[in-house]
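**Q** Contents of upload17.cif (mmCIF, C-alpha atoms) are given next:
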data_entry
loop_
_atom_site.group_PDB
_atom_site.id
_atom_site.type_symbol
_atom_site.label_atom_id
_atom_site.label_comp_id
_atom_site.auth_asym_id
_atom_site.auth_seq_id
_atom_site.Cartn_x
_atom_site.Cartn_y
_atom_site.Cartn_z
ATOM 1 C CA MET A 274 -44.800 24.279 20.781
ATOM 2 C CA HIS A 275 -45.650 25.247 17.214
ATOM 3 C CA VAL A 276 -46.342 28.830 16.098
ATOM 4 C CA ILE A 277 -49.239 29.368 13.697
ATOM 5 C CA SER A 278 -50.456 32.422 11.805
ATOM 6 C CA PHE A 279 -52.334 33.412 8.687
ATOM 7 C CA TYR A 280 -52.382 36.289 6.248
ATOM 8 C CA THR A 281 -55.041 37.654 3.892
ATOM 9 C CA ASN A 282 -53.250 39.906 1.409
ATOM 10 C CA GLU A 283 -49.798 40.887 0.183
ATOM 11 C CA LYS A 284 -49.158 43.372 3.004
ATOM 12 C CA TYR A 285 -49.976 40.774 5.650
ATOM 13 C CA ARG A 286 -48.089 38.031 3.767
ATOM 14 C CA ARG A 287 -44.917 40.093 4.128
ATOM 15 C CA GLU A 288 -45.731 40.630 7.807
ATOM 16 C CA ALA A 289 -46.381 36.900 8.332
ATOM 17 C CA GLU A 290 -43.090 36.008 6.678
ATOM 18 C CA GLY A 291 -41.315 38.428 9.031
ATOM 19 C CA MET A 292 -43.086 36.906 12.036
ATOM 20 C CA LYS A 293 -42.138 33.401 10.883
ATOM 21 C CA ALA A 294 -38.500 34.400 10.422
ATOM 22 C CA SER A 295 -38.427 35.900 13.930
ATOM 23 C CA ALA A 296 -40.017 32.749 15.408
ATOM 24 C CA GLU A 297 -37.488 30.513 13.709
ATOM 25 C CA ALA A 298 -34.646 32.809 14.801
ATOM 26 C CA VAL A 299 -35.512 32.135 18.469
ATOM 27 C CA GLY A 300 -35.855 28.370 17.893
ATOM 28 C CA LEU A 301 -39.585 27.913 17.252
ATOM 29 C CA SER A 302 -41.205 26.009 14.399
ATOM 30 C CA CYS A 303 -43.793 28.057 12.542
ATOM 31 C CA SER A 304 -46.416 27.666 9.837
ATOM 32 C CA ILE A 305 -48.203 30.473 7.999
ATOM 33 C CA THR A 306 -51.316 30.024 5.856
ATOM 34 C CA GLU A 307 -53.139 32.194 3.344
ATOM 35 C CA LYS A 308 -56.830 32.899 4.033
ATOM 36 C CA PRO A 309 -59.313 34.820 1.869
ATOM 37 C CA ASP A 310 -59.290 38.599 2.319
ATOM 38 C CA LEU A 311 -62.764 39.604 3.519
ATOM 39 C CA GLY A 312 -62.178 43.314 2.893
ATOM 40 C CA ALA A 313 -61.452 44.760 6.362
ATOM 41 C CA TRP A 314 -58.969 43.871 9.099
ATOM 42 C CA TRP A 315 -61.737 43.163 11.635
ATOM 43 C CA MET A 316 -63.490 40.812 9.224
ATOM 44 C CA ASN A 317 -60.202 39.049 8.560
ATOM 45 C CA ALA A 318 -59.613 38.760 12.323
ATOM 46 C CA ASN A 319 -62.754 36.639 12.465
ATOM 47 C CA HIS A 320 -60.784 33.952 10.585
ATOM 48 C CA LYS A 321 -58.827 33.304 13.808
ATOM 49 C CA SER A 322 -61.303 30.953 15.477
ATOM 50 C CA SER A 323 -61.794 28.647 12.485
ATOM 51 C CA PHE A 324 -58.081 28.799 11.636
ATOM 52 C CA ILE A 325 -57.103 27.784 15.162
ATOM 53 C CA LEU A 326 -59.672 24.974 15.080
ATOM 54 C CA GLU A 327 -58.126 23.718 11.810
ATOM 55 C CA CYS A 328 -54.651 23.842 13.370
ATOM 56 C CA VAL A 329 -55.775 22.032 16.527
ATOM 57 C CA GLU A 330 -56.978 19.179 14.304
ATOM 58 C CA LYS A 331 -53.801 19.255 12.201
ATOM 59 C CA TYR A 332 -51.202 19.432 15.000
ATOM 60 C CA GLY A 333 -52.942 17.225 17.576
ATOM 61 C CA ASP A 334 -51.650 17.478 21.120
ATOM 62 C CA GLU A 335 -48.766 19.822 20.322
ATOM 63 C CA PRO A 336 -49.200 23.167 22.109
ATOM 64 C CA LEU A 337 -49.995 25.938 19.623
ATOM 65 C CA LEU A 338 -49.023 29.585 19.814
ATOM 66 C CA TYR A 339 -51.173 31.707 17.518
ATOM 67 C CA GLN A 340 -49.503 34.985 16.503
ATOM 68 C CA ASP A 341 -50.938 37.851 14.480
ATOM 69 C CA ALA A 342 -48.910 38.327 11.311
ATOM 70 C CA ASP A 343 -47.658 41.710 12.549
ATOM 71 C CA THR A 344 -45.946 40.350 15.651
ATOM 72 C CA ARG A 345 -42.246 39.628 16.101
ATOM 73 C CA PHE A 346 -40.344 37.421 18.536
ATOM 74 C CA LEU A 347 -37.441 39.110 20.260
ATOM 75 C CA LYS A 348 -36.744 36.135 22.560
ATOM 76 C CA TYR A 349 -37.870 32.567 23.050
ATOM 77 C CA PRO A 350 -41.132 32.619 25.119
ATOM 78 C CA LYS A 351 -39.870 30.420 27.992
ATOM 79 C CA LEU A 352 -42.906 31.058 30.181
ATOM 80 C CA LEU A 353 -45.008 28.939 27.808
ATOM 81 C CA ASP A 354 -42.866 25.803 28.132
ATOM 82 C CA GLY A 355 -44.696 23.307 30.333
ATOM 83 C CA LEU A 356 -47.394 25.839 31.233
ATOM 84 C CA ASP A 357 -50.110 24.242 33.394
ATOM 85 C CA ALA A 358 -53.121 25.795 31.671
ATOM 86 C CA ASP A 359 -55.406 25.188 28.716
ATOM 87 C CA PHE A 360 -55.168 28.702 27.310
ATOM 88 C CA ALA A 361 -52.974 31.758 27.832
ATOM 89 C CA ALA A 362 -52.960 35.333 26.550
ATOM 90 C CA PHE A 363 -52.244 38.874 27.621
ATOM 91 C CA PHE A 364 -55.507 40.345 28.895
ATOM 92 C CA ASN A 365 -56.404 44.002 28.322
ATOM 93 C CA SER A 366 -58.645 43.803 31.379
ATOM 94 C CA PRO A 367 -59.344 40.954 33.793
ATOM 95 C CA VAL A 368 -61.636 39.297 31.245
ATOM 96 C CA VAL A 369 -60.689 40.538 27.741
ATOM 97 C CA PRO A 370 -57.780 38.754 25.993
ATOM 98 C CA ILE A 371 -55.790 40.544 23.313
ATOM 99 C CA GLY A 372 -55.870 38.331 20.233
ATOM 100 C CA ALA A 373 -52.344 38.934 18.904
ATOM 101 C CA THR A 374 -50.728 36.202 21.049
ATOM 102 C CA LEU A 375 -52.886 33.208 21.976
ATOM 103 C CA TRP A 376 -51.466 29.975 23.425
ATOM 104 C CA PHE A 377 -53.435 26.715 23.361
ATOM 105 C CA ASN A 378 -52.276 23.619 25.231
ATOM 106 C CA GLY A 379 -52.811 20.929 22.652
ATOM 107 C CA LYS A 380 -55.907 19.301 21.234
ATOM 108 C CA THR A 381 -57.574 18.022 24.382
ATOM 109 C CA ARG A 382 -58.923 21.362 25.626
ATOM 110 C CA ALA A 383 -57.905 23.729 22.845
ATOM 111 C CA LYS A 384 -60.584 22.295 20.577
ATOM 112 C CA LYS A 385 -63.283 23.319 23.068
ATOM 113 C CA TYR A 386 -61.966 26.888 23.144
ATOM 114 C CA ALA A 387 -61.755 27.143 19.344
ATOM 115 C CA GLU A 388 -65.219 25.599 18.883
ATOM 116 C CA ALA A 389 -66.772 27.988 21.415
ATOM 117 C CA TRP A 390 -65.028 30.942 19.733
ATOM 118 C CA SER A 391 -66.233 29.843 16.276
ATOM 119 C CA LYS A 392 -69.784 29.596 17.618
ATOM 120 C CA VAL A 393 -69.652 33.163 18.983
ATOM 121 C CA VAL A 394 -68.162 34.499 15.716
ATOM 122 C CA ALA A 395 -70.916 32.770 13.723
ATOM 123 C CA ALA A 396 -73.548 34.379 15.969
ATOM 124 C CA ASN A 397 -71.918 37.849 15.640
ATOM 125 C CA PRO A 398 -70.477 38.053 12.099
ATOM 126 C CA SER A 399 -70.511 41.844 11.947
ATOM 127 C CA ARG A 400 -68.865 42.426 15.329
ATOM 128 C CA GLU A 401 -65.685 44.437 14.788
ATOM 129 C CA ASP A 402 -63.760 43.123 17.782
ATOM 130 C CA ASP A 403 -62.389 39.590 17.829
ATOM 131 C CA THR A 404 -61.319 40.035 21.462
ATOM 132 C CA ILE A 405 -64.940 40.501 22.586
ATOM 133 C CA ASN A 406 -65.935 37.400 20.621
ATOM 134 C CA PHE A 407 -63.200 35.428 22.362
ATOM 135 C CA LYS A 408 -64.130 36.863 25.773
ATOM 136 C CA GLU A 409 -67.672 35.577 25.243
ATOM 137 C CA ALA A 410 -66.306 32.210 24.124
ATOM 138 C CA LEU A 411 -64.248 31.919 27.324
ATOM 139 C CA GLU A 412 -67.451 32.439 29.306
ATOM 140 C CA LEU A 413 -68.912 29.320 27.626
ATOM 141 C CA ILE A 414 -66.090 27.043 28.799
ATOM 142 C CA LYS A 415 -66.780 25.089 31.978
ATOM 143 C CA GLN A 416 -63.890 25.295 34.439
ATOM 144 C CA PRO A 417 -61.419 27.058 32.166
ATOM 145 C CA ARG A 418 -57.753 26.836 33.052
ATOM 146 C CA ILE A 419 -56.492 30.214 31.860
ATOM 147 C CA ARG A 420 -53.159 31.931 32.375
ATOM 148 C CA HIS A 421 -52.764 35.693 32.022
ATOM 149 C CA LEU A 422 -49.502 36.420 30.275
ATOM 150 C CA PRO A 423 -47.425 39.473 31.151
ATOM 151 C CA PRO A 424 -47.525 42.448 28.766
ATOM 152 C CA THR A 425 -44.071 41.481 27.490
ATOM 153 C CA TYR A 426 -45.756 38.666 25.524
ATOM 154 C CA CYS A 427 -47.874 41.046 23.429
ATOM 155 C CA TRP A 428 -46.001 44.341 23.678
ATOM 156 C CA HIS A 429 -47.170 47.335 21.656
ATOM 157 C CA GLU A 430 -45.047 50.336 22.529
ATOM 158 C CA LYS A 431 -47.464 53.097 21.529
ATOM 159 C CA THR A 432 -50.502 51.813 23.427
ATOM 160 C CA MET A 433 -48.812 50.092 26.380
ATOM 161 C CA ARG A 434 -45.909 52.293 27.509
ATOM 162 C CA ASN A 435 -48.027 54.548 29.769
ATOM 163 C CA ALA A 436 -49.834 51.595 31.383
ATOM 164 C CA TYR A 437 -46.602 49.604 31.946
ATOM 165 C CA PRO A 438 -43.750 52.124 32.308
ATOM 166 C CA GLY A 439 -41.361 49.590 33.874
ATOM 167 C CA VAL A 440 -41.295 47.170 30.942
ATOM 168 C CA THR A 441 -37.842 47.141 29.382
ATOM 169 C CA ASP A 442 -37.476 43.678 27.882
ATOM 170 C CA PRO A 443 -40.405 42.525 25.683
ATOM 171 C CA ILE A 444 -40.494 38.922 24.455
ATOM 172 C CA ILE A 445 -43.029 39.391 21.614
ATOM 173 C CA ILE A 446 -43.879 42.736 20.050
ATOM 174 C CA HIS A 447 -47.087 43.571 18.210
ATOM 175 C CA GLY A 448 -46.891 45.971 15.291
ATOM 176 C CA ASN A 449 -50.607 46.761 15.333
ATOM 177 C CA ILE A 450 -50.718 47.612 11.626
ATOM 178 C CA GLY A 451 -54.515 47.233 11.449
ATOM 179 C CA ILE A 452 -56.837 49.940 12.729
ATOM 180 C CA HIS A 453 -57.388 49.020 16.363
ATOM 181 C CA ASN A 454 -59.526 51.057 18.728
ATOM 182 C CA TYR A 455 -58.844 49.446 22.066
ATOM 183 C CA PRO A 456 -57.137 51.337 24.884
ATOM 184 C CA ILE A 457 -54.753 49.309 27.005
ATOM 185 C CA THR A 458 -55.796 49.432 30.638
ATOM 186 C CA ARG A 459 -53.994 48.150 33.673
#
For the structure just supplied, provide its representation as structure tokens.
**A**
Amino acid sequence: MHVISFYTNEKYRREAEGMKASAEAVGLSCSITEKPDLGAWWMNANHKSSFILECVEKYGDEPLLYQDADTRFLKYPKLLDGLDADFAAFFNSPVVPIGATLWFNGKTRAKKYAEAWSKVVAANPSREDDTINFKEALELIKQPRIRHLPPTYCWHEKTMRNAYPGVTDPIIIHGNIGIHNYPITR
């Protein structure tokens, strides 16, 4: 499994370097890439689909774990080893994935997910929510094999503590340094 991420400006470069260091500290390989800053965090989030598609082509059949630059690994994400799925994420609702932690099981099916996502982004370039774009992309996939990850794989203390009061041991934390307007529901 290879961790991938991108950054768009100096603030996010520092965040991405911190994420990479935390990934390597728990034994994961990681690559970070600079992308053009489009002027707003939600516009920059729309880089995700094309970036993941580029990485799927580059890394072939190796499973990929996309991480937002402002995430940190506290532990190795064991649940993802040998996962029998094409795609996995923490879902804010039964159908809306949170885009901070996205796992793709190699090139065979991941390319279809990234292509569908890119198509939805291209059709909705001013949409301010990459998670809704990805939700719509998932609806385009025939017979998706999706795994819902536990909240510990995309933990954000401020927005998740009330919905998941029993969580004591997160695996990946999300700093949420952009301006996000999504409530976490259970």
**Q** Name the closest residue to A:Ser323 among the candidates A:Ala387, A:Val368, A:Leu347, A:Ala342; distances are taken between atoms, counting all atoms listed in the file.
**A**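 Among the listed residues, A:Ala387 lies closest to A:Ser323.
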**Q** Once you count all atoms listed in the file, which residues end up no further than 9 Å from (-42.2, 36.5, 14.9) in the file's frame, shown as an MDAnalysis selection string?
**A** chainID A and resid 276 288:299 303 340:347 445:446
**Q** Point out the residue among A:Thr381, A:Asn317, A:Thr441, A:Ser391 with the least atom-to-atom distance to A:Asn406, counting only C-alpha atoms.
**A** A:Ser391
**Q** Grab the atom CA of A:Ala358 to atom CA of A:Arg434 distance for me, in Å with one decimal place.
**A**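 Answer for the atom CA of A:Ala358 to atom CA of A:Arg434 separation: 27.8 Å.
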**Q** Selection in question (the file shown): the PyMOL selection byres ((chain A and resi 337) around 9). Which residues does it include, as a list in words?
**A**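 Residues picked by the PyMOL selection byres ((chain A and resi 337) around 9): Met274, His275, Val276, Ile277, Ile325, Cys328, Val329, Tyr332, Asp334, Glu335, Pro336, Leu338, Tyr339, Leu375, Trp376, Phe377, Asn378, Gly379 and Ala383 of chain A.
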**Q** Could you complete stretch 328-339 of chain A so that it carries all heavy atoms, and give it back as an mmCIF file, keeping the file's coordinate frame?
**A**
data_model
loop_
_atom_site.group_PDB
_atom_site.id
_atom_site.type_symbol
_atom_site.label_atom_id
_atom_site.label_comp_id
_atom_site.auth_asym_id
_atom_site.auth_seq_id
_atom_site.Cartn_x
_atom_site.Cartn_y
_atom_site.Cartn_z
ATOM 1 N N CYS A 328 -56.007 24.160 12.909
ATOM 2 C CA CYS A 328 -54.651 23.842 13.370
ATOM 3 C C CYS A 328 -54.667 22.860 14.533
ATOM 4 O O CYS A 328 -53.796 21.983 14.629
ATOM 5 C CB CYS A 328 -53.896 25.114 13.734
ATOM 6 S SG CYS A 328 -53.494 26.129 12.296
ATOM 7 N N VAL A 329 -55.651 22.981 15.414
ATOM 8 C CA VAL A 329 -55.775 22.032 16.527
ATOM 9 C C VAL A 329 -55.945 20.619 15.965
ATOM 10 O O VAL A 329 -55.325 19.665 16.448
ATOM 11 C CB VAL A 329 -56.958 22.427 17.442
ATOM 12 C CG1 VAL A 329 -57.352 21.296 18.359
ATOM 13 C CG2 VAL A 329 -56.612 23.671 18.252
ATOM 14 N N GLU A 330 -56.783 20.488 14.942
ATOM 15 C CA GLU A 330 -56.978 19.179 14.304
ATOM 16 C C GLU A 330 -55.694 18.708 13.621
ATOM 17 O O GLU A 330 -55.323 17.539 13.725
ATOM 18 C CB GLU A 330 -58.116 19.255 13.283
ATOM 19 C CG GLU A 330 -59.483 19.434 13.904
ATOM 20 C CD GLU A 330 -59.925 18.258 14.767
ATOM 21 O OE1 GLU A 330 -59.453 17.110 14.548
ATOM 22 O OE2 GLU A 330 -60.737 18.486 15.677
ATOM 23 N N LYS A 331 -55.004 19.605 12.966
ATOM 24 C CA LYS A 331 -53.801 19.255 12.201
ATOM 25 C C LYS A 331 -52.628 18.865 13.097
ATOM 26 O O LYS A 331 -51.918 17.909 12.819
ATOM 27 C CB LYS A 331 -53.402 20.437 11.312
ATOM 28 C CG LYS A 331 -52.180 20.181 10.451
ATOM 29 C CD LYS A 331 -51.889 21.360 9.544
ATOM 30 C CE LYS A 331 -50.678 21.105 8.678
ATOM 31 N NZ LYS A 331 -50.420 22.224 7.764
ATOM 32 N N TYR A 332 -52.400 19.627 14.183
ATOM 33 C CA TYR A 332 -51.202 19.432 15.000
ATOM 34 C C TYR A 332 -51.433 18.585 16.240
ATOM 35 O O TYR A 332 -50.502 18.337 17.002
ATOM 36 C CB TYR A 332 -50.587 20.784 15.375
ATOM 37 C CG TYR A 332 -50.053 21.510 14.162
ATOM 38 C CD1 TYR A 332 -50.771 22.548 13.582
ATOM 39 C CD2 TYR A 332 -48.856 21.128 13.576
ATOM 40 C CE1 TYR A 332 -50.304 23.206 12.449
ATOM 41 C CE2 TYR A 332 -48.383 21.776 12.441
ATOM 42 C CZ TYR A 332 -49.113 22.805 11.888
ATOM 43 O OH TYR A 332 -48.645 23.444 10.762
ATOM 44 N N GLY A 333 -52.666 18.138 16.478
ATOM 45 C CA GLY A 333 -52.942 17.225 17.576
ATOM 46 C C GLY A 333 -52.645 17.808 18.937
ATOM 47 O O GLY A 333 -53.061 18.915 19.247
ATOM 48 N N ASP A 334 -51.888 17.074 19.732
ATOM 49 C CA ASP A 334 -51.650 17.478 21.120
ATOM 50 C C ASP A 334 -50.486 18.444 21.300
ATOM 51 O O ASP A 334 -50.151 18.808 22.423
ATOM 52 C CB ASP A 334 -51.445 16.244 22.004
ATOM 53 C CG ASP A 334 -52.762 15.531 22.269
ATOM 54 O OD1 ASP A 334 -53.810 16.200 22.293
ATOM 55 O OD2 ASP A 334 -52.737 14.301 22.445
ATOM 56 N N GLU A 335 -49.861 18.860 20.210
ATOM 57 C CA GLU A 335 -48.766 19.822 20.322
ATOM 58 C C GLU A 335 -49.320 21.186 20.741
ATOM 59 O O GLU A 335 -50.286 21.671 20.150
ATOM 60 C CB GLU A 335 -48.046 19.953 18.986
ATOM 61 C CG GLU A 335 -46.837 20.855 19.047
ATOM 62 C CD GLU A 335 -46.019 20.855 17.766
ATOM 63 O OE1 GLU A 335 -46.428 20.232 16.775
ATOM 64 O OE2 GLU A 335 -44.959 21.496 17.777
ATOM 65 N N PRO A 336 -48.752 21.816 21.763
ATOM 66 C CA PRO A 336 -49.200 23.167 22.109
ATOM 67 C C PRO A 336 -49.024 24.115 20.918
ATOM 68 O O PRO A 336 -48.034 24.031 20.182
ATOM 69 C CB PRO A 336 -48.285 23.568 23.272
ATOM 70 C CG PRO A 336 -47.851 22.270 23.871
ATOM 71 C CD PRO A 336 -47.737 21.327 22.698
ATOM 72 N N LEU A 337 -50.010 24.991 20.728
ATOM 73 C CA LEU A 337 -49.995 25.938 19.623
ATOM 74 C C LEU A 337 -49.923 27.359 20.145
ATOM 75 O O LEU A 337 -50.612 27.703 21.112
ATOM 76 C CB LEU A 337 -51.254 25.790 18.774
ATOM 77 C CG LEU A 337 -51.445 24.448 18.076
ATOM 78 C CD1 LEU A 337 -52.786 24.411 17.371
ATOM 79 C CD2 LEU A 337 -50.317 24.184 17.090
ATOM 80 N N LEU A 338 -49.124 28.171 19.493
ATOM 81 C CA LEU A 338 -49.023 29.585 19.814
ATOM 82 C C LEU A 338 -49.457 30.362 18.581
ATOM 83 O O LEU A 338 -48.715 30.449 17.596
ATOM 84 C CB LEU A 338 -47.598 29.963 20.219
ATOM 85 C CG LEU A 338 -47.350 31.422 20.573
ATOM 86 C CD1 LEU A 338 -48.247 31.873 21.725
ATOM 87 C CD2 LEU A 338 -45.887 31.646 20.916
ATOM 88 N N TYR A 339 -50.694 30.884 18.619
ATOM 89 C CA TYR A 339 -51.173 31.707 17.518
ATOM 90 C C TYR A 339 -50.556 33.095 17.655
ATOM 91 O O TYR A 339 -50.562 33.687 18.732
ATOM 92 C CB TYR A 339 -52.709 31.836 17.513
ATOM 93 C CG TYR A 339 -53.133 32.900 16.529
ATOM 94 C CD1 TYR A 339 -53.243 32.593 15.183
ATOM 95 C CD2 TYR A 339 -53.299 34.222 16.934
ATOM 96 C CE1 TYR A 339 -53.530 33.582 14.252
ATOM 97 C CE2 TYR A 339 -53.595 35.217 16.006
ATOM 98 C CZ TYR A 339 -53.707 34.887 14.677
ATOM 99 O OH TYR A 339 -53.978 35.879 13.764
#
